[in-house]
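S.K.: Input: one structure, supplied below.
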Amino acid sequence: MNGSGLKRGLLDHVLALVGCVFATYSLGISVAKPVLGLTLAGSCVFSVMVGSLLSRALAKSKVIDYDGWFAAALGLAAVFFTLPINRLLPDDGFPIELIAGCGLSLLVIFAGFAAWRDGTLLFLSLPCIAMFGLVGTFDVYKPATALFFLFLVCIAVLYARVYLRSMTERAERLGADTELLRRDAWKWVAGPEWAFASAGAIIVISLLTGPLLQVSLQGVSGTVRVNLPQSKTPFIPAAVTQTQVDVKVGGGPVNLSDMVQFSIKMDRARYLRSRSYATYRSPGWVEPFDTLNPDFDLSINSGVVGQLSKDSYQLIPGNSSPFEPFAKPKDVRVTMKPYRPVDLYLPAPGPIVGVVGDSEAFVRVRYDSAAYKVPLGYGDQVSYIVQVDGDPKPTTDTALPKLIRSLERVLASPNSATAKIRDFANQVTSGIRDPYQKAQAIKSAIEQLAKYNTQTPACPADKDPVEWFLFEHKEGYCDSFASAMALCARAVGLPARYTIGYAIDEGAKGDDGYYVVRAKDAHAWCEVYFAGHGWVVFDPTEGARDVSASKESATDDKKPWFEKPIGKAILIGVITVCLAVPFFVWAWFLASARTAALKGDPNMIKLVWAQNDMQKAVERLAKRPRRFSQTMRSFVQAHGDVLGTHRATADELADDFERLMFSGATVGIEQVKEMQARVKSFRAAVKKVPPQDG
C-alpha cells in the first residue's frame with residue numbers, strides 16, 4: 001500500500017500550491033500591480049503550507065473528515081470580507097470593477113487553510129481557473145500563458161494521484177487485491193494513467209480553444225476597467241509627491257503595457273493632451289493648469305459666445321477659445337470610445353470648444369481641458385469639437401491670452417529653473433532673438449545631449465531630477481526630456497508648460513478610421529505658447545537616441561538582474577526546466593505505478609514481457625495497436641478473424657496469461673518458460689499469415 005500515489009503527502013499540497021501561486025501572481029501582474037501579485041502569491045504559500053501541516057496533525061482525528069465544511073465556511077468568510085480586505089492590500093488593492101479577482105484570490109487563500117484531503121486540494125484549482133480566465137481576457141501579462149500551462153500540468157498530476165488513491169480505496173472496501181489493479185490493462189482503468197490521460201485531453205483542448213475564447217470575451221472584458229497606476233506610465237513614473245495631483249520626475253524605470261486604453265477618430269494622428277502642469281517644484285510638477293483659477297476679466301463676457309465663469313467654460317462649436325485663441329482656427333471633430341478609464345480627462349489635440357449631442361451628459365469642460373461627468377463604460381462614446389492651429393507658421397509673439405495673462409508670472413518665469421539650467425539655456429540660445437528659433441535650439445540641444453531610456457534608474461533623492469538628467473546621468477525618458485525643455489524655455493523668457501497625454505502615429509489607425517491607443521502610447525512633452533498659434537508642442541524625445549534596449553546604456557548594470565541578457569537567459573532556462581520536469585516526474589510516476597506490483601518478482605516481469613511479444617504478433621496482423629484499456633483476451637477476440645487457424649491458440653494463450661497474472665497464485669519459473677516457448681511457437685506460426693489489408 002506504499003506504492004506511488006497511494007499515500008497523500010507533501011507533493012500533493014505542493015502541486016495544488018504551485019497552481020494557486022501562478023494564478024494569483026498572474027492576476028496581480030495583469031492589473032499592473034506586481035506588489036499585489038507577490039502578496040497574494042505569498043499568502044497562498046502560507047495558507048496551503050499551514051493546511052498541509054494541519055492535515056498531518058489531524059490525520060488520525062475525526063476532525064479531518066469535516067475539511068469540506070471548514071473550507072466552505074472560510075470561503076464564505078472570504079467573500080463576505082472581500083471589500084474591507086481589498087482596502088488593506090498593497091497597491092490600493094484591486095479596482096472596484098475587478099473586485100471579483102480579489103474575491104477569487106481570497107477564496108483560494110482562505111480555503112487553503114482547510115485543504116487537508118484530496119477533495120479540498122482539488123477544489124483550490126476551480127477559482128484558479130477563473131482567475132486565469134480574467135488574466136487571459138485582458139491579455140496583458142504574456143508569461144501567463146506559460147504559467148497557465150504549468151498550472152494545468154500540476155493539476156493533472158494531482159488529479160491522477162487523487163484518482164489512483166480513490167480507486168484503490170474503493171477496491172479495498174470491496175475486498176479486491178489492490179496490487180492486481182496495477183497490472184496490464186486494469187491500470188488504465190483503476191490507476192493514474194486514465195486520469196492523467198483525461199487531464200491531458202483537457203490541456204490539449206484548452207490550448208486549442210483558449211485563443212478563441214479569449215477573443216470572444218475581450219469585447220465583454222472591455223466593460224471591466226483596469227486603471228493602470230500612474231507609476232507605470234512614462235509621464236508619471238514611480239511615486240507621486242505628497243499632493244495627490246503632483247507628478248514626480250525621474251522616478252525610475254517604467255514598464256509599458258500593450259493594454260488598449262481607448263480608440264479615437266480624428267482628422268490625422270496628433271499629440272493628445274490629457275492635462276497640463278504649470279509649476280515646477282523639485283522633484284516634480286504641481287498645480288495642474290485647470291486648477292489654477294486665474295483672475296478672469298469677466299468684463300469681456302459680453303463679447304464671447306458661450307458660457308464663462310470661474311469654474312467652467314464651454315463654447316458653441318465654431319467659436320474661438322479665449323484660453324487658446326488661434327489666428328486661423330480649425331475645428332476638428334473627435335470621437336472617443338473608451339475601453340477603460342485612462343484618467344479623468346478627455347484626450348484632445350487642442351482646446352475643447354464644444355461637445356456633440358448626448359455627449360454633454362458625459363463631459364464637463366474646464367478651461368482648456370475636459371473631464372468626465374460620469375463614468376464611461378465599454379460601448380459608450382463621446383464626441384467633441386477641438387480647435388487646432390490652421391496656420392502652423394512660426395511667430396515671434398509669445399504674449400499669453402488675456403484670460404490667463406496673470407499666469408505669466410509662473411509660465412514664463414526664469415526662476416522656475418536652477419542657475420545651472422538657466423546658464424545652459426542661455427548658452428544654447430546665445431545670439432538667437434526669434435522666440436521660436438530659441439525653442440528649437442533648446443530642443444535640439446537636449447536631443448543631442450541626452451539619450452532616451454525607459455530603464456533609467458531613479459534620480460537620487462538629494463538631487464534635482466532635471467539637473468541630474470541634463471548634466472550628470474544624461475539619460476531619461478519623456479518626463480525628464482519634457483521637464484528640461486519647459487524649464488529651459490522659461491529660463492529664456494518663453495511661456496512653457498509640462499503636458500501629459502498620448503503620442504500616436506498613423507500606424508495605429510485601423511480600417512474603421514479609429515486610432516487604437518494603448519498604455520504604452522502614454523507620453524509627456526513641453527508646450528510653448530505663441531500668440532495666434534496656441535500651445536505648440538516641443539518634444540525633445542523625437543531626435544534623441546533611444547538606448548532603452550541597447551547594451552551601450554549606462555544603466556545596464558543598474559537594471560534588475562532578470563532584465564539583463566544573462567538574467568533573461570537564466571529565466572528562459574528555468575522556464576524550460578519547469579516545463580520539462582513535470583513530464584519527467586509524470587513518466588517516473590507512471591513507471592513506478594506500473595511496476596510497483598511486479599517489484600521483487602522477476603518471474604512476473606518475464607511473464608509480462610512474454611505477453612508483450614504475443615501482443616506484437618497480433619498487432620502485426622491486425623495493423624492496429626492494442627488500446628491501453630484493452631485486455632489481451634478482448635484484443636484477441638476483436639481481431640480473431642485475421643488469426644485464421646491460429647485463433648484457438650491465441651485464445652488459449654490469452655486465457656493463460658490472464659490466469660497467471662490475476663489469480664494471485666505464485667508464478668514459477670517453469671510456468672514462465674512454458675509460456676515463453678508457447679509464445680515463440682505462436683509468433684513463428686503467425687509470421688506465415690499475411691497482414692490484414694487496410
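Starting from 1 in every chain, residues are counted up; chains themselves are A, B, ... following the order of the C-alpha cells, and ligands are numbered from 1 as listed.
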Contacts of segment 453-461 of chain A at 6 Å or less, counting only C-alpha atoms, minus same-chain residues fewer than 4 places along, as a PDB file with N, CA and C atoms, in the first residue's frame?

M.R.:
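Generated output (selection.pdb):
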ATOM      1  N   GLY A 250      11.665  61.697 -12.940  1.00  0.00           N
ATOM      2  CA  GLY A 250      12.838  60.873 -12.680  1.00  0.00           C
ATOM      3  C   GLY A 250      12.628  59.862 -11.589  1.00  0.00           C
ATOM      4  N   GLY A 251      11.511  59.166 -11.627  1.00  0.00           N
ATOM      5  CA  GLY A 251      11.174  58.242 -10.553  1.00  0.00           C
ATOM      6  C   GLY A 251      11.677  56.833 -10.720  1.00  0.00           C
ATOM      7  N   GLY A 252      12.343  56.503 -11.830  1.00  0.00           N
ATOM      8  CA  GLY A 252      12.849  55.153 -12.013  1.00  0.00           C
ATOM      9  C   GLY A 252      12.293  54.494 -13.254  1.00  0.00           C
ATOM     10  N   PRO A 253      12.702  53.244 -13.523  1.00  0.00           N
ATOM     11  CA  PRO A 253      12.301  52.545 -14.746  1.00  0.00           C
ATOM     12  C   PRO A 253      10.787  52.429 -14.884  1.00  0.00           C
ATOM     13  N   VAL A 254      10.326  52.412 -16.133  1.00  0.00           N
ATOM     14  CA  VAL A 254       8.903  52.220 -16.406  1.00  0.00           C
ATOM     15  C   VAL A 254       8.732  50.994 -17.288  1.00  0.00           C
ATOM     16  N   PRO A 465      15.981  66.421 -10.202  1.00  0.00           N
ATOM     17  CA  PRO A 465      15.929  65.443 -11.291  1.00  0.00           C
ATOM     18  C   PRO A 465      16.255  66.016 -12.661  1.00  0.00           C
ATOM     19  N   GLY A 476      17.265  59.425 -19.777  1.00  0.00           N
ATOM     20  CA  GLY A 476      15.963  59.525 -19.134  1.00  0.00           C
ATOM     21  C   GLY A 476      14.877  59.199 -20.127  1.00  0.00           C
ATOM     22  N   TYR A 477      13.646  59.327 -19.695  1.00  0.00           N
ATOM     23  CA  TYR A 477      12.540  59.137 -20.629  1.00  0.00           C
ATOM     24  C   TYR A 477      11.737  60.417 -20.706  1.00  0.00           C
ATOM     25  N   VAL A 547      18.153  54.258 -26.321  1.00  0.00           N
ATOM     26  CA  VAL A 547      19.044  53.182 -25.884  1.00  0.00           C
ATOM     27  C   VAL A 547      18.337  52.285 -24.866  1.00  0.00           C
ATOM     28  N   SER A 548      17.029  52.278 -24.911  1.00  0.00           N
ATOM     29  CA  SER A 548      16.279  51.504 -23.914  1.00  0.00           C
ATOM     30  C   SER A 548      16.675  50.040 -23.927  1.00  0.00           C
TER      31      SER A 548
END

S.K.: List as an MDAnalysis selection string the protein and nucleic acid residues near segment 9-20 of chain A, meaning an atom at most 7 Å away when only C-alpha atoms are counted, but skip any in the same chain fewer than 5 places from it.

M.R.: chainID A and resid 44:45 48 52 121 124:125 128 151 154:155 158

S.K.: Could those residues be written to a file, using C-alpha atoms, as a compact mmCIF listing (two decimals), in the first residue's frame?

M.R.:
# COMPACT_ATOMS: atom_id res chain seq x y z
CA CYS A 44 -1.17 31.28 -0.86
CA VAL A 45 2.15 29.70 0.11
CA VAL A 48 -1.59 25.95 1.81
CA SER A 52 -0.52 20.71 4.87
CA LEU A 121 -6.99 20.19 -2.58
CA LEU A 124 -8.44 25.08 -4.98
CA SER A 125 -7.98 24.68 -8.74
CA CYS A 128 -7.60 29.48 -10.08
CA PHE A 151 -0.84 25.10 -13.78
CA CYS A 154 0.34 20.39 -11.92
CA ILE A 155 -3.41 19.94 -11.57
CA LEU A 158 -2.63 15.97 -8.73

S.K.: Mind checking which residues fall within 12 Å of Leu126 of chain A, counting only C-alpha atoms, ignoring those fewer than 3 positions away in the same chain, and posting them as an MDAnalysis selection string?

M.R.: chainID A and resid 16 19:20 23 104:105 107:108 111 119:123 129:133 151:152 155

S.K.: Take the residues from that selection and write them out as a short mmCIF file (atom, residue, chain, number, x, y, z; two decimals), in the first residue's frame, keeping C-alpha atoms.

M.R.:
data_model
loop_
_atom_site.label_atom_id
_atom_site.label_comp_id
_atom_site.auth_asym_id
_atom_site.auth_seq_id
_atom_site.Cartn_x
_atom_site.Cartn_y
_atom_site.Cartn_z
CA ALA A 16 -2.01 22.47 -5.54
CA GLY A 19 -1.25 26.32 -9.30
CA CYS A 20 -2.54 28.83 -6.73
CA ALA A 23 -2.91 32.15 -10.75
CA LEU A 104 -11.31 34.66 -6.01
CA SER A 105 -7.83 35.24 -4.61
CA LEU A 107 -11.20 32.28 -1.64
CA VAL A 108 -8.05 30.35 -2.57
CA ALA A 111 -9.71 27.69 1.70
CA GLY A 119 -11.36 16.92 -2.36
CA THR A 120 -10.38 20.26 -0.85
CA LEU A 121 -6.99 20.19 -2.58
CA LEU A 122 -8.68 19.79 -5.96
CA PHE A 123 -11.22 22.47 -5.06
CA ILE A 129 -9.11 28.61 -13.46
CA ALA A 130 -11.47 31.58 -13.11
CA MET A 131 -8.52 33.86 -12.29
CA PHE A 132 -6.61 32.71 -15.34
CA GLY A 133 -9.77 33.43 -17.33
CA PHE A 151 -0.84 25.10 -13.78
CA LEU A 152 -2.70 22.57 -15.93
CA ILE A 155 -3.41 19.94 -11.57
#

S.K.: Rounded to one decimal, what separation in Å do you get between atom CA of Val686 of chain A and atom CA of Gly640 of chain A?

M.R.: 12.2 Å

S.K.: Between A:Met167, A:Ile404, A:Val382, A:Leu643, which is the closest to Phe289 of chain A once you count only C-alpha atoms?

M.R.: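 So, comparing all the options, the nearest one is A:Ile404.
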
S.K.: Which one of A:Gly28, A:Gly431, A:Pro143, A:Gly644 sits closest to Lys688 of chain A if you count only C-alpha atoms?

M.R.: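 Counting only C-alpha atoms, the residue closest to Lys688 of chain A is A:Gly644.
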